[in-house]
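K.L.:
One file: target_33.cif (mmCIF, N, CA and C atoms).
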data_model
loop_
_atom_site.label_atom_id
_atom_site.label_comp_id
_atom_site.auth_asym_id
_atom_site.auth_seq_id
_atom_site.Cartn_x
_atom_site.Cartn_y
_atom_site.Cartn_z
N MET A 206 87.42 -37.50 39.92
CA MET A 206 86.55 -38.62 40.23
C MET A 206 86.46 -39.52 39.00
N THR A 207 86.50 -40.79 39.23
CA THR A 207 86.44 -41.75 38.12
C THR A 207 85.01 -41.85 37.60
N ALA A 208 84.88 -42.47 36.44
CA ALA A 208 83.54 -42.67 35.86
C ALA A 208 82.68 -43.53 36.78
N ALA A 209 83.28 -44.56 37.36
CA ALA A 209 82.52 -45.42 38.28
C ALA A 209 82.10 -44.64 39.52
N GLY A 210 82.95 -43.76 40.00
CA GLY A 210 82.61 -42.93 41.16
C GLY A 210 81.47 -41.97 40.86
N ARG A 211 81.48 -41.40 39.64
CA ARG A 211 80.39 -40.50 39.24
C ARG A 211 79.08 -41.26 39.13
N ARG A 212 79.11 -42.46 38.55
CA ARG A 212 77.89 -43.27 38.45
C ARG A 212 77.34 -43.62 39.83
N GLY A 213 78.24 -43.97 40.75
CA GLY A 213 77.81 -44.29 42.11
C GLY A 213 77.20 -43.08 42.81
N ALA A 214 77.80 -41.91 42.63
CA ALA A 214 77.27 -40.69 43.23
C ALA A 214 75.92 -40.35 42.63
N TYR A 215 75.76 -40.55 41.32
CA TYR A 215 74.49 -40.28 40.65
C TYR A 215 73.40 -41.21 41.21
N ARG A 216 73.72 -42.49 41.34
CA ARG A 216 72.74 -43.45 41.87
C ARG A 216 72.38 -43.12 43.33
N PHE A 217 73.36 -42.73 44.11
CA PHE A 217 73.11 -42.37 45.50
C PHE A 217 72.21 -41.13 45.56
N GLY A 218 72.43 -40.17 44.69
CA GLY A 218 71.60 -38.96 44.64
C GLY A 218 70.17 -39.29 44.24
N ARG A 219 70.00 -40.16 43.26
CA ARG A 219 68.65 -40.57 42.83
C ARG A 219 67.91 -41.30 43.96
N LEU A 220 68.63 -42.17 44.65
CA LEU A 220 68.04 -42.88 45.79
C LEU A 220 67.63 -41.89 46.88
N ALA A 221 68.47 -40.90 47.14
CA ALA A 221 68.17 -39.89 48.15
C ALA A 221 66.90 -39.13 47.77
N GLU A 222 66.75 -38.76 46.51
CA GLU A 222 65.54 -38.06 46.06
C GLU A 222 64.31 -38.94 46.24
N THR A 223 64.42 -40.21 45.92
CA THR A 223 63.28 -41.12 46.09
C THR A 223 62.89 -41.25 47.56
N LEU A 224 63.88 -41.36 48.44
CA LEU A 224 63.59 -41.42 49.88
C LEU A 224 62.87 -40.15 50.34
N CYS A 225 63.31 -39.01 49.84
CA CYS A 225 62.68 -37.74 50.21
C CYS A 225 61.25 -37.66 49.71
N VAL A 226 61.01 -38.13 48.49
CA VAL A 226 59.65 -38.11 47.94
C VAL A 226 58.73 -38.94 48.82
N TRP A 227 59.16 -40.14 49.20
CA TRP A 227 58.31 -40.98 50.04
C TRP A 227 58.11 -40.38 51.42
N SER A 228 59.14 -39.77 51.97
CA SER A 228 59.02 -39.10 53.26
C SER A 228 57.98 -37.97 53.18
N LEU A 229 58.03 -37.20 52.11
CA LEU A 229 57.07 -36.11 51.93
C LEU A 229 55.65 -36.64 51.78
N ARG A 230 55.49 -37.68 50.96
CA ARG A 230 54.16 -38.25 50.75
C ARG A 230 53.56 -38.77 52.05
N LEU A 231 54.39 -39.39 52.88
CA LEU A 231 53.90 -39.91 54.15
C LEU A 231 53.47 -38.79 55.09
N ARG A 232 53.99 -37.58 54.87
CA ARG A 232 53.62 -36.44 55.70
C ARG A 232 52.58 -35.54 55.05
N GLY A 233 51.92 -36.05 54.02
CA GLY A 233 50.78 -35.34 53.45
C GLY A 233 51.08 -34.40 52.30
N TYR A 234 52.28 -34.43 51.75
CA TYR A 234 52.60 -33.59 50.60
C TYR A 234 52.18 -34.30 49.31
N HIS A 235 51.80 -33.51 48.33
CA HIS A 235 51.51 -34.02 47.00
C HIS A 235 52.67 -33.57 46.10
N VAL A 236 53.42 -34.52 45.57
CA VAL A 236 54.58 -34.20 44.74
C VAL A 236 54.10 -33.83 43.34
N LEU A 237 54.41 -32.62 42.92
CA LEU A 237 53.99 -32.12 41.61
C LEU A 237 55.05 -32.36 40.54
N ALA A 238 56.33 -32.34 40.94
CA ALA A 238 57.40 -32.53 39.95
C ALA A 238 58.67 -33.02 40.64
N ARG A 239 59.41 -33.80 39.88
CA ARG A 239 60.74 -34.24 40.30
C ARG A 239 61.70 -33.86 39.19
N ARG A 240 62.87 -33.40 39.59
CA ARG A 240 63.92 -33.03 38.65
C ARG A 240 63.40 -32.08 37.56
N PHE A 241 62.71 -31.05 37.98
CA PHE A 241 62.17 -30.06 37.05
C PHE A 241 63.32 -29.22 36.51
N ASP A 242 63.54 -29.29 35.21
CA ASP A 242 64.63 -28.56 34.57
C ASP A 242 64.04 -27.41 33.77
N ALA A 243 64.37 -26.20 34.18
CA ALA A 243 63.83 -25.01 33.52
C ALA A 243 64.83 -24.39 32.56
N GLY A 244 65.98 -24.99 32.38
CA GLY A 244 67.00 -24.40 31.54
C GLY A 244 67.88 -23.42 32.30
N VAL A 245 67.28 -22.68 33.23
CA VAL A 245 68.04 -21.73 34.05
C VAL A 245 68.41 -22.33 35.40
N GLY A 246 67.96 -23.53 35.66
CA GLY A 246 68.22 -24.22 36.91
C GLY A 246 67.32 -25.43 37.03
N GLU A 247 67.60 -26.25 38.02
CA GLU A 247 66.81 -27.46 38.24
C GLU A 247 66.31 -27.49 39.67
N ILE A 248 65.09 -27.98 39.82
CA ILE A 248 64.51 -28.19 41.15
C ILE A 248 64.40 -29.69 41.35
N ASP A 249 64.92 -30.17 42.47
CA ASP A 249 64.87 -31.61 42.74
C ASP A 249 63.43 -32.08 42.95
N ILE A 250 62.69 -31.39 43.82
CA ILE A 250 61.31 -31.78 44.12
C ILE A 250 60.45 -30.53 44.27
N VAL A 251 59.27 -30.55 43.67
CA VAL A 251 58.27 -29.52 43.91
C VAL A 251 57.07 -30.24 44.50
N ALA A 252 56.67 -29.82 45.71
CA ALA A 252 55.57 -30.49 46.39
C ALA A 252 54.61 -29.46 46.97
N ARG A 253 53.36 -29.91 47.12
CA ARG A 253 52.31 -29.02 47.64
C ARG A 253 51.66 -29.67 48.85
N ARG A 254 51.40 -28.84 49.84
CA ARG A 254 50.60 -29.27 50.99
C ARG A 254 49.81 -28.06 51.43
N ARG A 255 48.50 -28.24 51.42
CA ARG A 255 47.57 -27.15 51.72
C ARG A 255 47.87 -25.97 50.80
N GLY A 256 48.10 -24.79 51.34
CA GLY A 256 48.32 -23.61 50.53
C GLY A 256 49.78 -23.27 50.29
N VAL A 257 50.67 -24.26 50.47
CA VAL A 257 52.10 -24.01 50.35
C VAL A 257 52.69 -24.84 49.21
N LEU A 258 53.48 -24.18 48.39
CA LEU A 258 54.25 -24.85 47.35
C LEU A 258 55.69 -24.91 47.84
N ALA A 259 56.18 -26.10 48.12
CA ALA A 259 57.54 -26.27 48.63
C ALA A 259 58.47 -26.61 47.47
N VAL A 260 59.48 -25.78 47.29
CA VAL A 260 60.54 -26.02 46.32
C VAL A 260 61.69 -26.62 47.13
N ILE A 261 62.03 -27.87 46.84
CA ILE A 261 62.91 -28.62 47.73
C ILE A 261 64.19 -29.03 47.02
N GLU A 262 65.32 -28.69 47.62
CA GLU A 262 66.63 -29.12 47.16
C GLU A 262 67.05 -30.29 48.03
N VAL A 263 67.49 -31.38 47.40
CA VAL A 263 67.93 -32.57 48.12
C VAL A 263 69.45 -32.63 48.10
N LYS A 264 70.04 -32.84 49.26
CA LYS A 264 71.48 -33.00 49.37
C LYS A 264 71.75 -34.36 50.01
N ALA A 265 72.51 -35.18 49.32
CA ALA A 265 72.87 -36.50 49.82
C ALA A 265 74.32 -36.45 50.30
N ARG A 266 74.55 -36.91 51.50
CA ARG A 266 75.89 -36.92 52.08
C ARG A 266 76.23 -38.32 52.54
N ARG A 267 77.39 -38.79 52.16
CA ARG A 267 77.82 -40.12 52.60
C ARG A 267 78.39 -40.08 54.02
N ARG A 268 78.79 -38.91 54.47
CA ARG A 268 79.30 -38.75 55.83
C ARG A 268 78.41 -37.76 56.57
N GLY A 269 78.67 -37.57 57.85
CA GLY A 269 77.87 -36.69 58.67
C GLY A 269 78.11 -35.21 58.45
N ASP A 270 78.96 -34.84 57.51
CA ASP A 270 79.32 -33.44 57.31
C ASP A 270 78.24 -32.70 56.54
N ASP A 271 77.59 -31.73 57.19
CA ASP A 271 76.63 -30.88 56.50
C ASP A 271 77.34 -29.76 55.78
N GLY A 272 78.33 -29.17 56.43
CA GLY A 272 79.11 -28.10 55.80
C GLY A 272 78.22 -27.01 55.23
N ASP A 273 78.69 -26.40 54.16
CA ASP A 273 77.94 -25.36 53.46
C ASP A 273 77.17 -26.04 52.35
N LEU A 274 75.92 -26.39 52.61
CA LEU A 274 75.16 -27.19 51.67
C LEU A 274 74.70 -26.42 50.44
N LEU A 275 74.31 -25.17 50.61
CA LEU A 275 73.83 -24.38 49.47
C LEU A 275 74.53 -23.04 49.43
N ARG A 276 75.22 -22.81 48.36
CA ARG A 276 75.89 -21.52 48.18
C ARG A 276 74.91 -20.54 47.54
N PRO A 277 75.20 -19.25 47.62
CA PRO A 277 74.28 -18.24 47.05
C PRO A 277 73.99 -18.45 45.56
N ARG A 278 74.97 -18.87 44.77
CA ARG A 278 74.71 -19.11 43.34
C ARG A 278 73.74 -20.26 43.13
N GLN A 279 73.86 -21.31 43.94
CA GLN A 279 72.94 -22.44 43.83
C GLN A 279 71.52 -22.01 44.20
N ARG A 280 71.41 -21.25 45.27
CA ARG A 280 70.08 -20.76 45.68
C ARG A 280 69.46 -19.90 44.58
N ALA A 281 70.27 -19.04 43.97
CA ALA A 281 69.76 -18.17 42.90
C ALA A 281 69.26 -19.00 41.72
N ARG A 282 69.98 -20.07 41.35
CA ARG A 282 69.54 -20.94 40.25
C ARG A 282 68.22 -21.61 40.58
N ILE A 283 68.08 -22.07 41.81
CA ILE A 283 66.84 -22.73 42.23
C ILE A 283 65.69 -21.72 42.22
N GLU A 284 65.95 -20.51 42.66
CA GLU A 284 64.91 -19.47 42.65
C GLU A 284 64.46 -19.13 41.24
N ARG A 285 65.41 -19.06 40.29
CA ARG A 285 65.04 -18.82 38.88
C ARG A 285 64.21 -19.97 38.34
N ALA A 286 64.59 -21.19 38.69
CA ALA A 286 63.83 -22.36 38.23
C ALA A 286 62.42 -22.35 38.83
N ALA A 287 62.29 -21.90 40.08
CA ALA A 287 60.97 -21.82 40.72
C ALA A 287 60.09 -20.81 39.98
N SER A 288 60.67 -19.69 39.57
CA SER A 288 59.91 -18.70 38.79
C SER A 288 59.43 -19.30 37.48
N ALA A 289 60.30 -20.08 36.84
CA ALA A 289 59.92 -20.72 35.58
C ALA A 289 58.82 -21.76 35.81
N PHE A 290 58.91 -22.49 36.91
CA PHE A 290 57.88 -23.49 37.23
C PHE A 290 56.53 -22.80 37.40
N LEU A 291 56.51 -21.70 38.16
CA LEU A 291 55.26 -20.97 38.39
C LEU A 291 54.71 -20.38 37.09
N ALA A 292 55.58 -19.97 36.19
CA ALA A 292 55.12 -19.44 34.91
C ALA A 292 54.45 -20.52 34.06
N ARG A 293 54.93 -21.76 34.19
CA ARG A 293 54.37 -22.87 33.40
C ARG A 293 53.16 -23.51 34.08
N ARG A 294 52.99 -23.26 35.36
CA ARG A 294 51.89 -23.86 36.12
C ARG A 294 51.06 -22.77 36.78
N PRO A 295 50.23 -22.06 36.02
CA PRO A 295 49.47 -20.93 36.58
C PRO A 295 48.54 -21.33 37.72
N GLU A 296 48.14 -22.60 37.80
CA GLU A 296 47.27 -23.02 38.90
C GLU A 296 47.98 -22.95 40.25
N CYS A 297 49.30 -22.82 40.25
CA CYS A 297 50.07 -22.73 41.49
C CYS A 297 50.38 -21.29 41.89
N ALA A 298 49.95 -20.34 41.08
CA ALA A 298 50.32 -18.94 41.30
C ALA A 298 49.83 -18.39 42.63
N GLY A 299 48.70 -18.85 43.14
CA GLY A 299 48.16 -18.32 44.38
C GLY A 299 48.74 -18.94 45.64
N LEU A 300 49.63 -19.90 45.49
CA LEU A 300 50.19 -20.59 46.65
C LEU A 300 51.36 -19.81 47.24
N ASP A 301 51.59 -19.99 48.52
CA ASP A 301 52.78 -19.44 49.16
C ASP A 301 53.97 -20.32 48.77
N VAL A 302 55.03 -19.71 48.27
CA VAL A 302 56.21 -20.47 47.85
C VAL A 302 57.22 -20.47 48.98
N ARG A 303 57.74 -21.66 49.26
CA ARG A 303 58.71 -21.84 50.33
C ARG A 303 59.88 -22.65 49.79
N PHE A 304 61.08 -22.30 50.20
CA PHE A 304 62.28 -23.01 49.76
C PHE A 304 62.79 -23.86 50.92
N ASP A 305 62.77 -25.19 50.70
CA ASP A 305 63.17 -26.15 51.72
C ASP A 305 64.43 -26.89 51.28
N LEU A 306 65.01 -27.56 52.24
CA LEU A 306 66.19 -28.38 52.00
C LEU A 306 65.95 -29.72 52.67
N MET A 307 66.31 -30.80 51.99
CA MET A 307 66.25 -32.12 52.62
C MET A 307 67.63 -32.75 52.53
N VAL A 308 68.10 -33.23 53.67
CA VAL A 308 69.44 -33.81 53.75
C VAL A 308 69.29 -35.30 54.02
N VAL A 309 69.97 -36.10 53.20
CA VAL A 309 69.93 -37.56 53.34
C VAL A 309 71.33 -38.05 53.67
N GLN A 310 71.41 -38.82 54.75
CA GLN A 310 72.67 -39.45 55.15
C GLN A 310 72.43 -40.93 55.38
N PRO A 311 73.44 -41.74 55.20
CA PRO A 311 73.25 -43.19 55.38
C PRO A 311 72.72 -43.53 56.77
N ARG A 312 71.85 -44.49 56.81
CA ARG A 312 71.27 -45.06 58.04
C ARG A 312 70.51 -44.02 58.87
N ARG A 313 69.98 -42.99 58.22
CA ARG A 313 69.16 -41.99 58.90
C ARG A 313 67.98 -41.63 58.01
N PRO A 314 66.86 -41.28 58.61
CA PRO A 314 65.75 -40.81 57.77
C PRO A 314 66.10 -39.43 57.19
N PRO A 315 65.49 -39.07 56.08
CA PRO A 315 65.76 -37.75 55.51
C PRO A 315 65.39 -36.65 56.51
N ARG A 316 66.25 -35.64 56.59
CA ARG A 316 66.01 -34.50 57.48
C ARG A 316 65.46 -33.36 56.64
N HIS A 317 64.29 -32.87 57.00
CA HIS A 317 63.60 -31.82 56.24
C HIS A 317 63.80 -30.49 56.95
N VAL A 318 64.51 -29.57 56.30
CA VAL A 318 64.71 -28.23 56.83
C VAL A 318 63.68 -27.33 56.15
N VAL A 319 62.63 -27.01 56.87
CA VAL A 319 61.53 -26.20 56.33
C VAL A 319 61.98 -24.74 56.29
N ASP A 320 61.65 -24.07 55.18
CA ASP A 320 61.97 -22.66 55.02
C ASP A 320 63.46 -22.41 55.22
N ALA A 321 64.28 -23.17 54.48
CA ALA A 321 65.73 -23.13 54.64
C ALA A 321 66.34 -21.78 54.25
N TRP A 322 65.72 -21.10 53.30
CA TRP A 322 66.18 -19.76 52.91
C TRP A 322 65.05 -19.00 52.27
N ARG A 323 65.23 -17.71 52.21
CA ARG A 323 64.26 -16.81 51.56
C ARG A 323 64.98 -16.03 50.49
N PRO A 324 64.32 -15.89 49.31
CA PRO A 324 64.97 -15.13 48.25
C PRO A 324 65.10 -13.65 48.59
#
Starting from the file, give its structure as structure tokens.
P.N.:
Amino acid sequence: MTAAGRRGAYRFGRLAETLCVWSLRLRGYHVLARRFDAGVGEIDIVARRRGVLAVIEVKARRRGDDGDLLRPRQRARIERAASAFLARRPECAGLDVRFDLMVVQPRRPPRHVVDAWRP
């Protein structure tokens, strides 16, 4: 991929994350963190609604192909990052943790897959 292609993909990914944040806010979620980097992995969005802490991975697709969106290694990295987030934010320790996926495709609203996987 060329440098221009990488920049375009990066911008598209950032736009997808922003669309997901607004979609979550409109549905009553409080966004606690974006692009949380724990060193052992990164979480795209951490949001809270009622007693649930949603750890959300955002996938942006330019075509309709969902394919294999999250491989086991990616899920493991996100799970490690979630543990690090909880260690740094003790006020979230009593919440139920859920791992969600949001898929963004052109000309469609973000699709929220609740409880996409369990560790």
K.L.:
For Phe290 (chain A), which residue out of A:Arg268, A:Val236, A:Asp242, A:Arg323 is the nearest one, using only N, CA and C atoms?
P.N.:
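Closest candidate: A:Asp242.
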K.L.:
What residues in region 246-297 of chain A get the DSSP label strand (DSSP E)? Please answer as a list in words.
P.N.:
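Of region 246-297 of chain A, only Glu247, Ile248, Asp249, Ile250, Val251, Ala252, Arg253, Arg254, Val257, Leu258, Ala259, Val260, Ile261, Glu262, Val263, Lys264 and Ala265 of chain A fall in strand (DSSP E).
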K.L.:
Which of these, A:Leu274, A:Arg239, A:Ile261, A:Pro295, has the shortest distance to Asp320 (chain A) once you count only C-alpha atoms?
P.N.:
A:Ile261
K.L.:
Have a look at A:Gly299, A:Gly256, A:Pro311, A:Pro324 and name the one nearest to Ala281 (chain A); count only N, CA and C atoms.
P.N.:
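Of the candidates, the smallest distance to Ala281 (chain A) is held by A:Pro324.
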K.L.:
Could you spell out the hits of the PyMOL selection byres (((chain A and resi 237 and name CA) around 9) and name CA) on the shown file, as an MDAnalysis selection string?
P.N.:
chainID A and resid 235:236 238:239 250:253
K.L.:
Which residues, written as a VMD selection string, have at least one atom at most 6.5 Å from Arg266 (chain A), with all atoms listed in the file counted and residues fewer than 4 positions away on the same chain left out?
P.N.:
chain A and resid 308 to 311
K.L.:
Ranking A:Asp301, A:Asp249, A:Glu222, A:Glu262 by minimum distance to Arg280 (chain A) and counting only C-alpha atoms, which one comes first?
P.N.:
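The closest residue to Arg280 (chain A) is A:Glu262.
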K.L.:
Mind working out the centre and edge lengths of an axis-aligned box for region 298-316 of chain A, all listed atoms inside, 6 Å added to each side, rounded to one decimal in Å and written as AutoDock Vina command-line options?
P.N.:
--center_x 60.8 --center_y -31.7 --center_z 50.0 --size_x 37.3 --size_y 38.7 --size_z 29.8
